[in-house]
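Listing of work38.tsv; format and content: TSV, C-alpha atoms.
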```
chain	number	residue	atom	x	y	z
A	1	MET	CA	0.00	0.00	0.00
A	2	LYS	CA	1.30	3.43	-0.98
A	3	THR	CA	2.00	5.65	2.02
A	4	PHE	CA	0.12	8.91	1.86
A	5	LYS	CA	2.34	11.97	2.44
A	6	LEU	CA	0.61	15.32	2.61
A	7	GLU	CA	3.67	17.26	1.48
A	8	ASN	CA	4.20	15.03	-1.58
A	9	GLU	CA	0.64	15.53	-2.78
A	10	PRO	CA	-0.59	18.54	-4.72
A	11	LYS	CA	-2.28	21.02	-2.38
A	12	ILE	CA	-5.74	19.75	-1.49
A	13	LYS	CA	-8.31	22.57	-1.56
A	14	SER	CA	-11.16	22.56	0.94
A	15	GLY	CA	-13.69	22.46	-1.91
A	16	PHE	CA	-16.06	24.86	-0.18
A	17	LYS	CA	-17.95	27.32	-2.39
A	18	THR	CA	-20.47	30.05	-1.71
A	19	PRO	CA	-23.64	30.91	-3.65
A	20	ASP	CA	-23.12	33.50	-6.42
A	21	ASN	CA	-23.12	37.11	-5.17
A	22	TYR	CA	-23.22	35.89	-1.57
A	23	PHE	CA	-20.69	38.47	-0.41
A	24	ASP	CA	-22.32	41.29	-2.40
A	25	ASN	CA	-25.40	41.18	-0.22
A	26	PHE	CA	-23.80	40.05	3.01
A	27	SER	CA	-23.00	43.51	4.45
A	28	GLU	CA	-26.57	44.62	3.91
A	29	LYS	CA	-27.87	41.52	5.70
A	30	VAL	CA	-25.70	42.19	8.76
A	31	LEU	CA	-26.57	45.89	8.92
A	32	GLN	CA	-30.27	45.04	8.71
A	33	GLN	CA	-29.88	42.55	11.54
A	34	LEU	CA	-28.10	45.17	13.64
A	35	ASN	CA	-30.93	47.66	13.07
A	36	GLU	CA	-33.51	45.08	14.07
A	37	LYS	CA	-31.60	44.30	17.24
A	38	GLU	CA	-31.41	47.99	18.14
A	39	VAL	CA	-35.16	48.42	17.63
A	40	LYS	CA	-35.85	45.35	19.75
A	41	VAL	CA	-34.20	47.00	22.75
A	42	ILE	CA	-36.35	50.13	22.64
A	43	PRO	CA	-40.05	49.16	22.67
A	44	PHE	CA	-40.88	49.86	26.30
A	45	TYR	CA	-44.44	50.72	25.26
A	46	LYS	CA	-45.05	47.23	23.92
A	47	ARG	CA	-44.47	45.59	27.28
A	48	ASN	CA	-46.68	48.13	29.06
A	49	LYS	CA	-49.68	48.19	26.78
A	50	THR	CA	-52.16	48.17	29.68
A	51	ILE	CA	-50.42	51.06	31.41
A	52	SER	CA	-50.39	53.09	28.19
A	53	LEU	CA	-54.09	52.41	27.59
A	54	ALA	CA	-54.98	53.40	31.18
A	55	ALA	CA	-52.91	56.58	30.85
A	56	ALA	CA	-54.65	57.42	27.57
A	57	ALA	CA	-58.07	56.92	29.21
A	58	VAL	CA	-57.15	59.21	32.15
A	59	ILE	CA	-55.90	61.91	29.77
A	60	GLY	CA	-59.11	61.56	27.74
A	61	PHE	CA	-61.28	62.09	30.83
A	62	ALA	CA	-59.12	64.99	31.99
A	63	LEU	CA	-59.64	66.69	28.63
A	64	LEU	CA	-63.41	66.20	28.97
A	65	ILE	CA	-63.66	68.00	32.36
A	66	PRO	CA	-63.78	71.59	30.99
A	67	VAL	CA	-66.35	70.49	28.37
A	68	ILE	CA	-68.61	69.01	31.06
A	69	ASN	CA	-68.26	72.15	33.22
A	70	ASN	CA	-69.12	74.35	30.29
A	71	TYR	CA	-72.16	72.28	29.53
A	72	LYS	CA	-73.40	72.66	33.14
A	73	ALA	CA	-72.82	76.44	33.11
A	74	ASN	CA	-74.80	76.81	29.92
A	75	SER	CA	-77.68	74.75	31.22
A	76	ASN	CA	-81.09	76.49	31.35
A	77	ASP	CA	-81.93	75.04	34.77
A	78	LEU	CA	-80.99	77.38	37.58
A	79	ASP	CA	-79.56	75.86	40.69
A	80	GLU	CA	-81.25	76.40	44.08
A	81	ALA	CA	-78.64	78.77	45.53
A	82	THR	CA	-78.93	81.19	42.59
A	83	LEU	CA	-82.70	81.16	42.82
A	84	GLU	CA	-82.65	81.76	46.58
A	85	ASN	CA	-80.17	84.66	46.22
A	86	TYR	CA	-82.26	86.26	43.52
A	87	LEU	CA	-85.46	86.07	45.54
A	88	SER	CA	-83.78	87.39	48.70
A	89	TYR	CA	-81.80	90.28	47.32
A	90	HIS	CA	-82.95	91.22	43.85
A	91	SER	CA	-86.72	91.00	43.86
A	92	ASN	CA	-89.56	92.90	45.50
A	93	ILE	CA	-91.14	89.75	46.83
A	94	SER	CA	-91.12	89.78	50.61
A	95	GLN	CA	-90.93	86.85	52.95
A	96	TYR	CA	-94.66	87.09	53.55
A	97	ASP	CA	-95.50	87.09	49.83
A	98	LEU	CA	-93.41	84.00	49.51
A	99	ILE	CA	-95.26	82.25	52.34
A	100	GLN	CA	-98.56	83.13	50.71
A	101	THR	CA	-97.59	81.23	47.57
A	102	LEU	CA	-96.89	77.98	49.43
A	103	ASP	CA	-99.60	75.34	49.19
A	104	ASP	CA	-100.27	72.40	51.54
A	105	GLY	CA	-97.94	70.11	49.60
A	106	ASP	CA	-95.03	72.57	49.98
A	107	ILE	CA	-95.63	72.91	53.71
A	108	GLU	CA	-95.67	69.16	54.16
A	109	LYS	CA	-92.35	68.95	52.27
A	110	LEU	CA	-90.86	71.61	54.51
A	111	GLY	CA	-92.10	69.67	57.54
A	112	ASN	CA	-90.25	66.64	56.29
A	113	ASN	CA	-87.06	68.55	55.49
A	114	VAL	CA	-86.86	70.63	58.66
A	115	THR	CA	-87.13	68.55	61.77
A	116	LEU	CA	-87.45	70.64	64.86
A	117	GLU	CA	-87.16	69.29	68.33
A	118	ASP	CA	-90.00	70.08	70.66
A	119	GLU	CA	-87.76	72.04	73.02
A	120	THR	CA	-86.46	74.26	70.22
A	121	LEU	CA	-90.02	74.91	69.08
A	122	GLU	CA	-91.08	75.89	72.61
A	123	ASP	CA	-88.07	78.22	72.88
A	124	ILE	CA	-88.98	79.97	69.64
A	125	LEU	CA	-92.59	80.33	70.69
A	126	ALA	CA	-91.66	81.65	74.13
A	127	THR	CA	-89.14	84.19	72.84
A	128	SER	CA	-91.24	85.47	69.92
A	129	PRO	CA	-94.11	87.45	71.42
A	130	ASN	CA	-95.42	88.52	68.00
A	131	LEU	CA	-96.42	84.93	67.27
A	132	GLU	CA	-98.93	84.98	70.09
A	133	HIS	CA	-101.79	86.16	67.95
A	134	LEU	CA	-101.16	83.32	65.49
A	135	ILE	CA	-101.36	80.75	68.25
A	136	SER	CA	-104.55	82.22	69.59
A	137	GLU	CA	-105.99	82.34	66.07
A	138	GLN	CA	-105.23	78.63	65.62
A	139	ASN	CA	-107.15	77.81	68.80
B	1	MET	CA	-4.71	49.69	5.72
B	2	ILE	CA	-4.91	52.87	7.78
B	3	ASP	CA	-3.52	52.93	11.29
B	4	GLU	CA	-5.49	50.42	13.36
B	5	LYS	CA	-5.98	52.72	16.35
B	6	GLU	CA	-7.37	55.39	14.06
B	7	PHE	CA	-9.70	52.83	12.46
B	8	ILE	CA	-10.99	51.66	15.85
B	9	LYS	CA	-11.71	55.29	16.76
B	10	GLU	CA	-13.72	55.62	13.56
B	11	LEU	CA	-15.62	52.45	14.46
B	12	LEU	CA	-16.54	53.88	17.86
B	13	SER	CA	-17.47	57.41	16.82
B	14	PRO	CA	-21.19	57.73	15.90
B	15	GLU	CA	-20.44	59.97	12.87
B	16	THR	CA	-17.98	57.60	11.19
B	17	GLN	CA	-19.25	54.30	12.60
B	18	ASN	CA	-21.39	53.23	9.63
B	19	THR	CA	-18.73	53.76	6.98
B	20	ALA	CA	-16.03	52.18	9.14
B	21	PHE	CA	-18.16	49.13	9.89
B	22	GLN	CA	-18.94	48.69	6.19
B	23	LYS	CA	-15.19	48.68	5.54
B	24	LEU	CA	-14.66	46.15	8.32
B	25	LEU	CA	-17.31	43.93	6.77
B	26	SER	CA	-15.87	44.09	3.26
B	27	ASP	CA	-12.30	43.48	4.51
B	28	TYR	CA	-13.09	40.54	6.77
B	29	GLN	CA	-16.20	38.80	5.43
B	30	ARG	CA	-14.28	36.47	3.08
B	31	PRO	CA	-11.46	35.32	5.38
B	32	LEU	CA	-13.84	34.92	8.34
B	33	TYR	CA	-16.30	33.01	6.16
B	34	SER	CA	-13.58	30.52	5.15
B	35	HIS	CA	-12.50	30.16	8.75
B	36	ILE	CA	-16.03	29.46	9.97
B	37	ARG	CA	-16.93	27.24	7.01
B	38	ASN	CA	-13.87	25.08	7.70
B	39	ILE	CA	-15.19	24.50	11.21
B	40	VAL	CA	-18.94	24.05	10.61
B	41	LEU	CA	-18.56	22.62	7.07
B	42	ASN	CA	-21.98	23.47	5.68
B	43	HIS	CA	-22.80	26.78	3.96
B	44	ASP	CA	-26.09	27.64	5.70
B	45	ASP	CA	-24.56	27.14	9.13
B	46	ALA	CA	-21.50	29.17	8.13
B	47	ASP	CA	-23.80	31.98	6.96
B	48	ASP	CA	-25.62	32.04	10.33
B	49	VAL	CA	-22.41	31.94	12.35
B	50	LEU	CA	-20.76	34.65	10.23
B	51	GLN	CA	-23.72	36.99	10.76
B	52	ASN	CA	-23.68	36.35	14.50
B	53	THR	CA	-19.96	36.96	14.54
B	54	PHE	CA	-20.28	40.42	12.98
B	55	VAL	CA	-23.19	41.31	15.26
B	56	LYS	CA	-21.06	40.29	18.28
B	57	VAL	CA	-18.09	42.24	16.91
B	58	PHE	CA	-20.27	45.35	16.54
B	59	GLN	CA	-21.81	45.00	20.00
B	60	ASN	CA	-18.44	44.45	21.70
B	61	LEU	CA	-16.41	47.07	19.85
B	62	LYS	CA	-16.69	49.44	22.80
B	63	ASN	CA	-15.05	46.81	25.02
B	64	PHE	CA	-12.19	46.19	22.59
B	65	LYS	CA	-9.12	47.38	24.46
B	66	GLY	CA	-6.67	47.17	21.57
B	67	GLU	CA	-4.49	44.72	23.54
B	68	SER	CA	-4.55	42.36	20.58
B	69	LYS	CA	-4.93	43.11	16.89
B	70	LEU	CA	-8.42	43.66	15.53
B	71	PHE	CA	-7.74	40.77	13.14
B	72	SER	CA	-7.01	38.21	15.85
B	73	TRP	CA	-9.81	39.52	18.10
B	74	MET	CA	-12.33	38.97	15.31
B	75	TYR	CA	-10.95	35.52	14.47
B	76	ARG	CA	-11.25	34.61	18.13
B	77	ILE	CA	-14.92	35.65	18.21
B	78	ALA	CA	-15.58	33.72	14.98
B	79	THR	CA	-13.86	30.58	16.35
B	80	ASN	CA	-15.85	30.70	19.60
B	81	GLU	CA	-19.11	31.29	17.76
B	82	ALA	CA	-18.46	28.38	15.39
B	83	LEU	CA	-17.46	25.94	18.16
B	84	THR	CA	-20.44	26.96	20.33
B	85	PHE	CA	-22.73	26.53	17.33
B	86	LEU	CA	-21.40	23.01	16.70
B	87	SER	CA	-21.77	21.86	20.29
B	88	GLN	CA	-25.31	23.29	20.51
B	89	LYS	CA	-26.28	21.59	17.26
B	90	ALA	CA	-24.88	18.28	18.48
B	91	LYS	CA	-26.73	18.66	21.78
B	92	LEU	CA	-30.01	19.39	20.00
B	93	SER	CA	-29.58	16.32	17.78
B	94	GLY	CA	-28.62	14.22	20.81
B	95	ILE	CA	-25.34	13.02	19.27
B	96	SER	CA	-21.64	13.70	19.91
B	97	SER	CA	-19.83	16.50	18.11
B	98	GLU	CA	-17.73	13.94	16.21
B	99	ASP	CA	-20.82	12.04	15.00
B	100	LEU	CA	-22.41	15.30	13.92
B	101	GLN	CA	-19.32	16.27	11.90
B	102	ASN	CA	-19.18	12.82	10.27
B	103	LYS	CA	-22.83	13.14	9.32
B	104	THR	CA	-22.19	16.61	7.85
B	105	ILE	CA	-19.23	15.26	5.84
B	106	ASP	CA	-21.42	12.45	4.42
B	107	ASN	CA	-23.92	15.10	3.37
B	108	LEU	CA	-21.21	17.18	1.66
B	109	LYS	CA	-21.37	14.97	-1.44
B	110	ALA	CA	-24.88	16.24	-2.08
B	111	ASP	CA	-24.06	19.83	-1.07
B	112	LEU	CA	-24.55	22.40	-3.83
B	113	TYR	CA	-21.77	24.53	-2.41
B	114	PHE	CA	-19.10	21.83	-2.26
B	115	ASP	CA	-17.13	20.77	-5.32
B	116	GLY	CA	-14.66	18.38	-3.74
B	117	ASP	CA	-14.18	14.73	-4.64
B	118	GLU	CA	-13.09	11.58	-2.79
B	119	ILE	CA	-9.78	12.99	-1.51
B	120	GLN	CA	-11.44	16.06	0.04
B	121	ILE	CA	-14.02	13.89	1.78
B	122	LYS	CA	-11.31	11.53	3.04
B	123	LEU	CA	-9.23	14.44	4.32
B	124	GLN	CA	-12.24	15.89	6.19
B	125	LYS	CA	-12.96	12.45	7.72
B	126	ALA	CA	-9.34	12.22	8.84
B	127	ILE	CA	-9.50	15.70	10.44
B	128	VAL	CA	-12.58	14.74	12.47
B	129	THR	CA	-10.55	12.03	14.24
B	130	LEU	CA	-8.22	14.70	15.69
B	131	PRO	CA	-8.66	16.49	19.03
B	132	GLU	CA	-10.41	19.87	18.67
B	133	LYS	CA	-7.28	21.99	19.09
B	134	GLN	CA	-5.35	20.01	16.46
B	135	GLN	CA	-8.31	20.26	14.08
B	136	LEU	CA	-8.28	24.04	14.41
B	137	VAL	CA	-4.53	24.34	13.98
B	138	PHE	CA	-4.51	22.08	10.93
B	139	LYS	CA	-7.40	23.91	9.21
B	140	MET	CA	-5.92	27.35	9.91
B	141	LYS	CA	-2.48	26.36	8.68
B	142	TYR	CA	-3.27	24.06	5.79
B	143	PHE	CA	-6.51	25.47	4.28
B	144	GLU	CA	-6.43	29.11	5.39
B	145	GLU	CA	-2.63	29.41	5.16
B	146	LEU	CA	-2.33	31.63	8.22
B	147	LYS	CA	1.11	32.21	9.73
B	148	TYR	CA	2.03	30.47	12.99
B	149	GLU	CA	2.36	33.89	14.65
B	150	GLU	CA	-1.19	34.80	13.62
B	151	ILE	CA	-2.62	31.47	14.78
B	152	ALA	CA	-0.74	31.86	18.07
B	153	GLU	CA	-2.38	35.24	18.66
B	154	ILE	CA	-5.85	33.94	17.79
B	155	LEU	CA	-5.67	30.79	19.89
B	156	GLY	CA	-3.53	32.25	22.66
B	157	THR	CA	-0.78	29.59	22.47
B	158	SER	CA	2.93	29.66	21.73
B	159	VAL	CA	4.32	29.19	18.22
B	160	GLY	CA	6.33	26.18	19.42
B	161	ALA	CA	3.23	24.41	20.76
B	162	LEU	CA	1.40	25.13	17.51
B	163	LYS	CA	4.18	23.67	15.40
B	164	ALA	CA	4.07	20.51	17.48
B	165	SER	CA	0.27	20.34	17.19
B	166	TYR	CA	0.42	20.75	13.43
B	167	HIS	CA	3.11	18.09	13.11
B	168	HIS	CA	1.01	15.60	15.14
B	169	ALA	CA	-2.08	16.45	13.12
B	170	VAL	CA	-0.31	15.83	9.79
B	171	LYS	CA	1.05	12.46	10.98
B	172	LYS	CA	-2.38	11.26	12.14
B	173	ILE	CA	-4.04	12.42	8.93
B	174	GLU	CA	-1.44	10.63	6.76
B	175	LEU	CA	-1.93	7.47	8.76
B	176	TYR	CA	-5.72	7.67	8.44
B	177	VAL	CA	-5.66	8.32	4.66
B	178	THR	CA	-3.11	5.52	4.06
B	179	SER	CA	-5.17	2.93	5.95
B	180	ASN	CA	-8.65	3.93	4.68
```
Show me, as structure tokens, the structure contained in the file I just sent.
Amino acid sequence: MKTFKLENEPKIKSGFKTPDNYFDNFSEKVLQQLNEKEVKVIPFYKRNKTISLAAAAVIGFALLIPVINNYKANSNDLDEATLENYLSYHSNISQYDLIQTLDDGDIEKLGNNVTLEDETLEDILATSPNLEHLISEQN
Amino acid sequence: MIDEKEFIKELLSPETQNTAFQKLLSDYQRPLYSHIRNIVLNHDDADDVLQNTFVKVFQNLKNFKGESKLFSWMYRIATNEALTFLSQKAKLSGISSEDLQNKTIDNLKADLYFDGDEIQIKLQKAIVTLPEKQQLVFKMKYFEELKYEEIAEILGTSVGALKASYHHAVKKIELYVTSN
């Protein structure tokens, strides 16, 4: 058997080839991969989708607050305090005129809203001598 | 080639980085491809490993201290990437690294990107029988025709030890080819 000697043989090539134009496009491939890797590091928002959505909702509501306030201010219904102020200070209607306009239903409502203790009532009656004629009238 | 320190500065500066890295790619893609292909043997695997190598090089440039040459630093990264790739592939297939390499060599005959004949296949089979270090030294010296000084810097061993390794490798290969 012939002894094989590497140095006596013609140089043996590895025989490895690459596809045509492989090296022409290689740089581009690597740079693209590097860009993708850089982008992958950044997307904090992707991992916190819920937080972002909640934040967006809060901001949305916050932006609506002035709109809601405006709507209320433009409303045609007057609130109780304004009405009371107007009647007390800006009209000619006196307390007595006002009482005259109350019907039985209104008085009953007042009775429900204002609960007076018996003692307080007695005090008022005792210290208001001008109510005496009303009491006697009732009897 | 321009002064290496100057080139590394260009690679690190954001304004010149892109152009410098393109140059690095075009200078080193072919030699590093051959180096990796000689280790992993098949083109698709070599393509993957070469891409990973350049990505690693780019990511670690800021840590490159300039203690060794850029050339040997990049070869070292490529070697580590290729060897890690092989051992992971073997692990995934549940076979030893040697069996995996033998299987790859058998498949070379049908490989589109291999135009060797019987002697190439026999030589590759002989190389697989060597210890890993001797395989590397033989491939780098015989196929890639690197100088002993360059191989010594890449593998971190002395020139004397490399010469001995290469000598042993050649003897074992000759014995294998003669008896098979």
message = Would you pick out the contacts of Leu31 of chain A at 12 Å or less, using only C-alpha atoms, so that residues sharing its chain but fewer than 5 positions from it are not included, and give the list as number ranges by chain?
response = A: 25-26, 36-38; B: 17-19, 21-22, 24-25, 51-52, 54-55, 58
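We find atom CA of Leu162 of chain B and atom CA of Phe71 of chain B to be spaced 18.6 Å apart.
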Given all atoms listed in the file, how would the per-residue table for chain A near chain B read, listing every residue at most 12 Å away with its closest atom pair and distance in Å to one decimal, sorted by chain and number, as CSV?
```
residue,atom,partner,partner_atom,distance
A:Met1,CA,B:Thr178,CA,7.5
A:Lys2,CA,B:Thr178,CA,7.0
A:Thr3,CA,B:Thr178,CA,5.5
A:Phe4,CA,B:Thr178,CA,5.2
A:Lys5,CA,B:Glu174,CA,5.9
A:Leu6,CA,B:Glu174,CA,6.6
A:Glu7,CA,B:Val170,CA,9.3
A:Asn8,CA,B:Glu174,CA,11.0
A:Glu9,CA,B:Ile119,CA,10.8
A:Pro10,CA,B:Ile119,CA,11.2
A:Lys11,CA,B:Tyr142,CA,8.8
A:Ile12,CA,B:Gln120,CA,7.0
A:Lys13,CA,B:Phe143,CA,6.8
A:Ser14,CA,B:Phe143,CA,6.4
A:Gly15,CA,B:Gly116,CA,4.6
A:Phe16,CA,B:Phe114,CA,4.8
A:Lys17,CA,B:Tyr113,CA,4.7
A:Thr18,CA,B:Tyr113,CA,5.7
A:Pro19,CA,B:Tyr113,CA,6.8
A:Asp20,CA,B:Tyr113,CA,9.9
A:Tyr22,CA,B:Asp47,CA,9.4
A:Phe23,CA,B:Gln29,CA,7.4
A:Asp24,CA,B:Ser26,CA,9.0
A:Asn25,CA,B:Ser26,CA,10.6
A:Phe26,CA,B:Gln29,CA,8.1
A:Ser27,CA,B:Leu25,CA,6.2
A:Glu28,CA,B:Gln22,CA,8.9
A:Lys29,CA,B:Gln51,CA,8.0
A:Val30,CA,B:Gln51,CA,5.9
A:Leu31,CA,B:Val55,CA,8.5
A:Gln32,CA,B:Val55,CA,10.3
A:Gln33,CA,B:Val55,CA,7.8
A:Leu34,CA,B:Val55,CA,6.5
A:Asn35,CA,B:Val55,CA,10.2
A:Glu36,CA,B:Val55,CA,11.1
A:Lys37,CA,B:Val55,CA,9.1
A:Glu38,CA,B:Gln59,CA,10.2
```
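Atom pair atom CA of Val49 of chain B / atom CA of Leu155 of chain B: separated by 18.4 Å.
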The residues within 9 Å of (-13.8, 37.7, 14.8), using all atoms listed in the file and the coordinates of the file, should be reported as a compact mmCIF listing (two decimals) with C-alpha atoms, in the frame of the given file; which are they?
```txt
# COMPACT_ATOMS: atom_id res chain seq x y z
CA TYR B 28 -13.09 40.54 6.77
CA LEU B 32 -13.84 34.92 8.34
CA LEU B 50 -20.76 34.65 10.23
CA THR B 53 -19.96 36.96 14.54
CA PHE B 54 -20.28 40.42 12.98
CA LYS B 56 -21.06 40.29 18.28
CA VAL B 57 -18.09 42.24 16.91
CA LEU B 70 -8.42 43.66 15.53
CA PHE B 71 -7.74 40.77 13.14
CA SER B 72 -7.01 38.21 15.85
CA TRP B 73 -9.81 39.52 18.10
CA MET B 74 -12.33 38.97 15.31
CA TYR B 75 -10.95 35.52 14.47
CA ARG B 76 -11.25 34.61 18.13
CA ILE B 77 -14.92 35.65 18.21
CA ALA B 78 -15.58 33.72 14.98
CA THR B 79 -13.86 30.58 16.35
CA ASN B 80 -15.85 30.70 19.60
CA GLU B 81 -19.11 31.29 17.76
```
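Between atom CA of Ile105 of chain B and atom CA of Leu86 of chain B there is a distance of 13.5 Å.
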Ala152 of chain B environment, 12 Å, all atoms listed in the file, sequence neighbours closer than 6 positions dropped, as a CSV table (one decimal) with C-alpha atoms, keeping the file's coordinate frame:
```csv
chain,number,residue,atom,x,y,z
B,68,SER,CA,-4.6,42.4,20.6
B,72,SER,CA,-7.0,38.2,15.8
B,73,TRP,CA,-9.8,39.5,18.1
B,75,TYR,CA,-11.0,35.5,14.5
B,76,ARG,CA,-11.2,34.6,18.1
B,133,LYS,CA,-7.3,22.0,19.1
B,136,LEU,CA,-8.3,24.0,14.4
B,137,VAL,CA,-4.5,24.3,14.0
B,140,MET,CA,-5.9,27.4,9.9
B,141,LYS,CA,-2.5,26.4,8.7
B,146,LEU,CA,-2.3,31.6,8.2
B,158,SER,CA,2.9,29.7,21.7
B,159,VAL,CA,4.3,29.2,18.2
B,160,GLY,CA,6.3,26.2,19.4
B,161,ALA,CA,3.2,24.4,20.8
B,162,LEU,CA,1.4,25.1,17.5
B,163,LYS,CA,4.2,23.7,15.4
B,165,SER,CA,0.3,20.3,17.2
```
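In this comparison, which uses only C-alpha atoms, the residue of B:Phe85, B:Lys5, B:Asn102, B:His168 approaching Phe64 of chain B most closely is B:Lys5.
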Between B:Lys69, B:Lys62, B:Lys125, B:Lys91, single out the one closest to Lys103 of chain B, counting only C-alpha atoms.
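Looking only at the distances to Lys103 of chain B, the closest residue turns out to be B:Lys125.
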Tell me which protein, DNA and RNA residues are within 12 Å of Lys89 of chain B, counting all atoms listed in the file, leaving out same-chain ones fewer than 3 positions away, and put them as a PDB file with C-alpha atoms, keeping the file's coordinate frame.
```
ATOM      1  CA  VAL B  40     -18.940  24.050  10.610  1.00  0.00           C
ATOM      2  CA  ASP B  45     -24.560  27.140   9.130  1.00  0.00           C
ATOM      3  CA  ALA B  82     -18.460  28.380  15.390  1.00  0.00           C
ATOM      4  CA  LEU B  83     -17.460  25.940  18.160  1.00  0.00           C
ATOM      5  CA  THR B  84     -20.440  26.960  20.330  1.00  0.00           C
ATOM      6  CA  PHE B  85     -22.730  26.530  17.330  1.00  0.00           C
ATOM      7  CA  LEU B  86     -21.400  23.010  16.700  1.00  0.00           C
ATOM      8  CA  LEU B  92     -30.010  19.390  20.000  1.00  0.00           C
ATOM      9  CA  SER B  93     -29.580  16.320  17.780  1.00  0.00           C
ATOM     10  CA  GLY B  94     -28.620  14.220  20.810  1.00  0.00           C
ATOM     11  CA  ILE B  95     -25.340  13.020  19.270  1.00  0.00           C
ATOM     12  CA  SER B  96     -21.640  13.700  19.910  1.00  0.00           C
ATOM     13  CA  SER B  97     -19.830  16.500  18.110  1.00  0.00           C
ATOM     14  CA  GLU B  98     -17.730  13.940  16.210  1.00  0.00           C
ATOM     15  CA  ASP B  99     -20.820  12.040  15.000  1.00  0.00           C
ATOM     16  CA  LEU B 100     -22.410  15.300  13.920  1.00  0.00           C
ATOM     17  CA  GLN B 101     -19.320  16.270  11.900  1.00  0.00           C
ATOM     18  CA  THR B 104     -22.190  16.610   7.850  1.00  0.00           C
TER      19      THR B 104
END
```
